[in-house]
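Novice: First the structure, which I've put down as structure tokens, then a few questions once you've had a look.
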Amino acid sequence: MGTTGRASDEQSADELNERTRKDSSATETFGSVLRLVFVPGVTGAALAALVVGAILERLPLLLAGGGALVLLILLALLGGRRRAARRKPPVTRTALARIEDLRATSGETADVPVKFRLTVAPEPEDGRPAYRVKISQQINLVDIPAYRPRGIAVVEYRPDEPWEVRIVTRPTPEWSRRAEEAEIDSAPESTLVKDPDDGGGAWCLLGLLALLAGAALVVLLFRAELFTSEDGGTGASPKPSSTTSSSRTFTVSTTVSGPSSSMLALGRMRETATRLEARAGTPDVTAITIEAGRMEIRGDSARPPGGTVHLQLLPYELFPALVGEARTTLGVRDPASWRIDVTPGTGAGAGPRVRVTVTGAEGTAHLDADATARIVDRRPVGQTADSG
């Protein structure tokens, strides 16, 4: 009874240890997959942030991308050192193996790569049955005749990673004698063990997809500014509506997006106007329209200077205050949208006219200001707008 009890206890302990090893292996696998997705994803996002930040001239974006890359590099160095410190030297065992097949490939040196198919027969005390394995090893040309199908070779293998097998080319006399006397039966093909990391191509593909996904996410977040800063997005490129040898009309627009990209942000209107001026090729325009996320300019080269507005002479920094005034004092309780229209003055010597229009559930209202952003007229909700 005592012996039976001890055997039962040992079996239960072995089963518990086996379950613990499986759980630990599953946890390590999940952690590896998580790292394989997270690290390339963050790397792709950081690289894209550097590129996008350089294109849009956004210093915070450049700093965020560079900081993320530096952090990843530091974490990789620290993780590598920790793993190296925890890594134990591999334990190897010596055994005999039957050569099922071998094939030498071409080589330019005295050591030729040879692919072996082996049946490894661990020692009885190792408690492991014979199994098959495929390996590739450099063998000197002089030693190749010593290895032949159905022959016996001395090998070293790792019990924890049985696919790690190496043929001992210079065994001790005792193992050489045992190899000459031994006869090993072929193990079934079903016992073939493989390195689980051999599917590295799939993992590399997963990492590449994560890298591209991280980069695409950053590009998507800034797509409006990226594409409108280059080609104006939809309908944003310079569009000559008519062109002759003496005059041309054009419309150029751009859109911005994101909480920090509103036209009311400090400096955003002047920066956008400068971009549109560069694309139009002239600072003199006939009309300017500014909305929360969009700016458009229109021009006609046939107009005299008195009939145009100079893009760089407008007080853009004062326009947000005009918008705030219109949204709070014209009877529109909750404005859904606002718009600024700048047109040349109509009288002799008159400067540009700035009209701020707000729209809400109550209707539409507007106020007019001069070129210095001084309010000259108000039209609250319910009053007839002055079309002039």
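Chain lettering (A, B, ...) mirrors the order of the structure tokens, residue numbering begins at 1 for each chain separately, and ligand numbering begins at 1 in order of display.
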Residues at most 9 Å from stretch 260-266 of chain A, counting only C-alpha atoms, excluding those fewer than 3 positions away in the same chain, as a list in words?

Specialist: Glu225, Val256, Ser257, Met269, Arg270, Thr272, Ile290, Glu291, Ala292, Gly293, Arg294, Met295, Glu317, Phe319, Pro320 and Val323 of chain A

Novice: Report as a PyMOL selection string: the residues of stretch 39-101 of chain A with a DSSP assignment of alpha helix (DSSP H), based on the backbone of this structure.

Specialist: chain A and resi 39-56+59-86

Novice: Which distance in Å separates atom CA of A:Ile288 and atom CA of A:Ile340, to one decimal?

Specialist: 7.8 Å

Novice: Between atom CA of A:Ile73 and atom CA of A:Gly214, what is the distance in Å, rounded to a tenth?

Specialist: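 Atom-to-atom, atom CA of A:Ile73 to atom CA of A:Gly214, that is 17.1 Å.
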
Novice: Considering only C-alpha atoms, return as a ChimeraX atom specification whatever protein or nucleic-acid residues lie within 12 Å of stretch 137-140 of chain A, sequence-local ones (same chain, fewer than 4 positions apart) excluded.

Specialist: /A:102-117,144-147,155,164-170

Novice: Any chance you could export the current selection's N, CA, C and O atoms as a short mmCIF file (atom, residue, chain, number, x, y, z; two decimals), in the first residue's frame?

Specialist:
```cif
data_model
loop_
_atom_site.label_atom_id
_atom_site.label_comp_id
_atom_site.auth_asym_id
_atom_site.auth_seq_id
_atom_site.Cartn_x
_atom_site.Cartn_y
_atom_site.Cartn_z
N LEU A 102 21.17 11.07 -46.43
CA LEU A 102 21.99 12.28 -46.39
C LEU A 102 22.17 12.79 -47.81
O LEU A 102 22.13 12.02 -48.79
N ARG A 103 22.34 14.09 -47.90
CA ARG A 103 22.52 14.70 -49.22
C ARG A 103 23.42 15.90 -49.06
O ARG A 103 23.13 16.82 -48.30
N ALA A 104 24.55 15.84 -49.79
CA ALA A 104 25.52 16.94 -49.74
C ALA A 104 25.16 17.97 -50.80
O ALA A 104 24.75 17.62 -51.91
N THR A 105 25.31 19.25 -50.43
CA THR A 105 25.08 20.33 -51.39
C THR A 105 26.42 20.92 -51.78
O THR A 105 27.45 20.67 -51.14
N SER A 106 26.42 21.69 -52.82
CA SER A 106 27.67 22.25 -53.33
C SER A 106 28.25 23.22 -52.32
O SER A 106 27.54 23.92 -51.61
N GLY A 107 29.55 23.24 -52.27
CA GLY A 107 30.24 24.16 -51.38
C GLY A 107 31.54 24.61 -52.00
O GLY A 107 32.11 23.92 -52.85
N GLU A 108 32.01 25.79 -51.59
CA GLU A 108 33.24 26.34 -52.17
C GLU A 108 34.43 26.16 -51.23
O GLU A 108 35.51 26.63 -51.53
N THR A 109 34.22 25.53 -50.08
CA THR A 109 35.31 25.32 -49.14
C THR A 109 35.44 23.82 -48.86
O THR A 109 34.70 23.00 -49.39
N ALA A 110 36.37 23.50 -47.97
CA ALA A 110 36.58 22.09 -47.64
C ALA A 110 35.42 21.53 -46.83
O ALA A 110 35.18 20.31 -46.83
N ASP A 111 34.67 22.38 -46.13
CA ASP A 111 33.50 21.94 -45.36
C ASP A 111 32.25 22.11 -46.22
O ASP A 111 31.93 23.22 -46.66
N VAL A 112 31.58 20.99 -46.45
CA VAL A 112 30.41 20.97 -47.35
C VAL A 112 29.14 20.86 -46.53
O VAL A 112 29.06 20.04 -45.61
N PRO A 113 28.12 21.66 -46.83
CA PRO A 113 26.84 21.50 -46.12
C PRO A 113 26.19 20.17 -46.49
O PRO A 113 26.03 19.85 -47.68
N VAL A 114 25.82 19.40 -45.49
CA VAL A 114 25.19 18.10 -45.70
C VAL A 114 23.86 18.07 -44.94
O VAL A 114 23.82 18.43 -43.75
N LYS A 115 22.80 17.64 -45.62
CA LYS A 115 21.50 17.51 -44.98
C LYS A 115 21.30 16.05 -44.57
O LYS A 115 21.38 15.15 -45.42
N PHE A 116 21.05 15.81 -43.29
CA PHE A 116 20.88 14.47 -42.74
C PHE A 116 19.43 14.26 -42.32
O PHE A 116 18.76 15.19 -41.83
N ARG A 117 18.95 13.02 -42.47
CA ARG A 117 17.73 12.55 -41.85
C ARG A 117 18.14 11.44 -40.90
O ARG A 117 18.68 10.41 -41.33
N ILE A 144 33.29 12.82 -45.34
CA ILE A 144 31.98 12.46 -45.89
C ILE A 144 31.84 10.96 -46.16
O ILE A 144 30.79 10.36 -45.88
N PRO A 145 32.86 10.26 -46.68
CA PRO A 145 32.68 8.81 -46.91
C PRO A 145 32.36 8.01 -45.66
O PRO A 145 31.83 6.90 -45.74
N ALA A 146 32.67 8.55 -44.47
CA ALA A 146 32.40 7.82 -43.23
C ALA A 146 30.91 7.82 -42.89
O ALA A 146 30.48 7.04 -42.02
N TYR A 147 30.13 8.66 -43.56
CA TYR A 147 28.69 8.74 -43.29
C TYR A 147 27.94 8.19 -44.49
O TYR A 147 28.09 8.68 -45.62
N VAL A 155 26.02 11.43 -31.92
CA VAL A 155 25.43 12.77 -31.98
C VAL A 155 25.33 13.35 -30.57
O VAL A 155 25.40 12.63 -29.57
N GLU A 164 17.54 20.14 -31.83
CA GLU A 164 18.91 20.64 -31.88
C GLU A 164 19.87 19.46 -31.78
O GLU A 164 20.24 19.03 -30.69
N VAL A 165 20.25 18.91 -32.90
CA VAL A 165 21.13 17.73 -32.96
C VAL A 165 22.37 18.08 -33.75
O VAL A 165 22.29 18.77 -34.79
N ARG A 166 23.51 17.61 -33.28
CA ARG A 166 24.78 17.85 -33.97
C ARG A 166 25.57 16.55 -34.02
O ARG A 166 25.70 15.85 -33.00
N ILE A 167 26.06 16.21 -35.19
CA ILE A 167 26.89 15.01 -35.34
C ILE A 167 28.28 15.28 -34.78
O ILE A 167 28.89 16.30 -35.09
N VAL A 168 28.74 14.37 -33.94
CA VAL A 168 30.09 14.49 -33.36
C VAL A 168 31.07 13.88 -34.35
O VAL A 168 31.11 12.66 -34.55
N THR A 169 31.86 14.71 -34.98
CA THR A 169 32.78 14.21 -36.02
C THR A 169 34.01 13.55 -35.43
O THR A 169 34.66 12.75 -36.09
N ARG A 170 34.33 13.89 -34.19
CA ARG A 170 35.49 13.28 -33.55
C ARG A 170 35.06 12.72 -32.19
O ARG A 170 35.37 13.28 -31.14
#
```

Novice: Considering only C-alpha atoms, state which residue in the set A:Asp368, A:Glu183, A:Asp160, A:Glu325 is at the smallest distance from A:Arg128.

Specialist: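 Under the stated criterion, the closest residue is A:Asp160.
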
Novice: Using only C-alpha atoms, determine which residues lie at most 12 Å from A:Asp126, disregarding the query and same-chain residues fewer than 2 positions distant; provide the list as a PyMOL selection string.

Specialist: chain A and resi 92-95+121-124+128-130+157-160+162

Novice: With C-alpha atoms retained, export the selected residues as a short mmCIF file (atom, residue, chain, number, x, y, z; two decimals), in the first residue's frame.

Specialist:
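Here's the written file result-v8.cif:
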```cif
data_model
loop_
_atom_site.label_atom_id
_atom_site.label_comp_id
_atom_site.auth_asym_id
_atom_site.auth_seq_id
_atom_site.Cartn_x
_atom_site.Cartn_y
_atom_site.Cartn_z
CA THR A 92 23.57 18.38 -24.14
CA ARG A 93 23.47 14.60 -24.11
CA THR A 94 25.45 12.17 -26.22
CA ALA A 95 23.63 9.41 -28.08
CA ALA A 121 18.23 6.82 -29.99
CA PRO A 122 18.67 8.51 -26.58
CA GLU A 123 20.22 6.55 -23.74
CA PRO A 124 17.77 4.53 -21.58
CA ARG A 128 12.95 9.34 -24.18
CA PRO A 129 12.06 7.02 -27.08
CA ALA A 130 13.84 7.13 -30.41
CA TYR A 157 21.27 16.62 -28.68
CA ARG A 158 19.50 18.90 -26.23
CA PRO A 159 16.78 17.19 -24.16
CA ASP A 160 14.79 20.43 -23.89
CA PRO A 162 15.41 17.65 -29.27
#
```

Novice: I'd like to know which of A:Arg333, A:Arg248, A:Arg223, A:Arg275 is closest to A:Ala302, using only C-alpha atoms.

Specialist: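 Ranked by minimum distance to A:Ala302, first place goes to A:Arg248.
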
Novice: Using only C-alpha atoms, which residue out of A:Pro315, A:Gly66, A:Pro173, A:Pro40 lies closest to A:Pro352?

Specialist: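 Of A:Pro315, A:Gly66, A:Pro173, A:Pro40, the one nearest A:Pro352, counting only C-alpha atoms, is A:Pro315.
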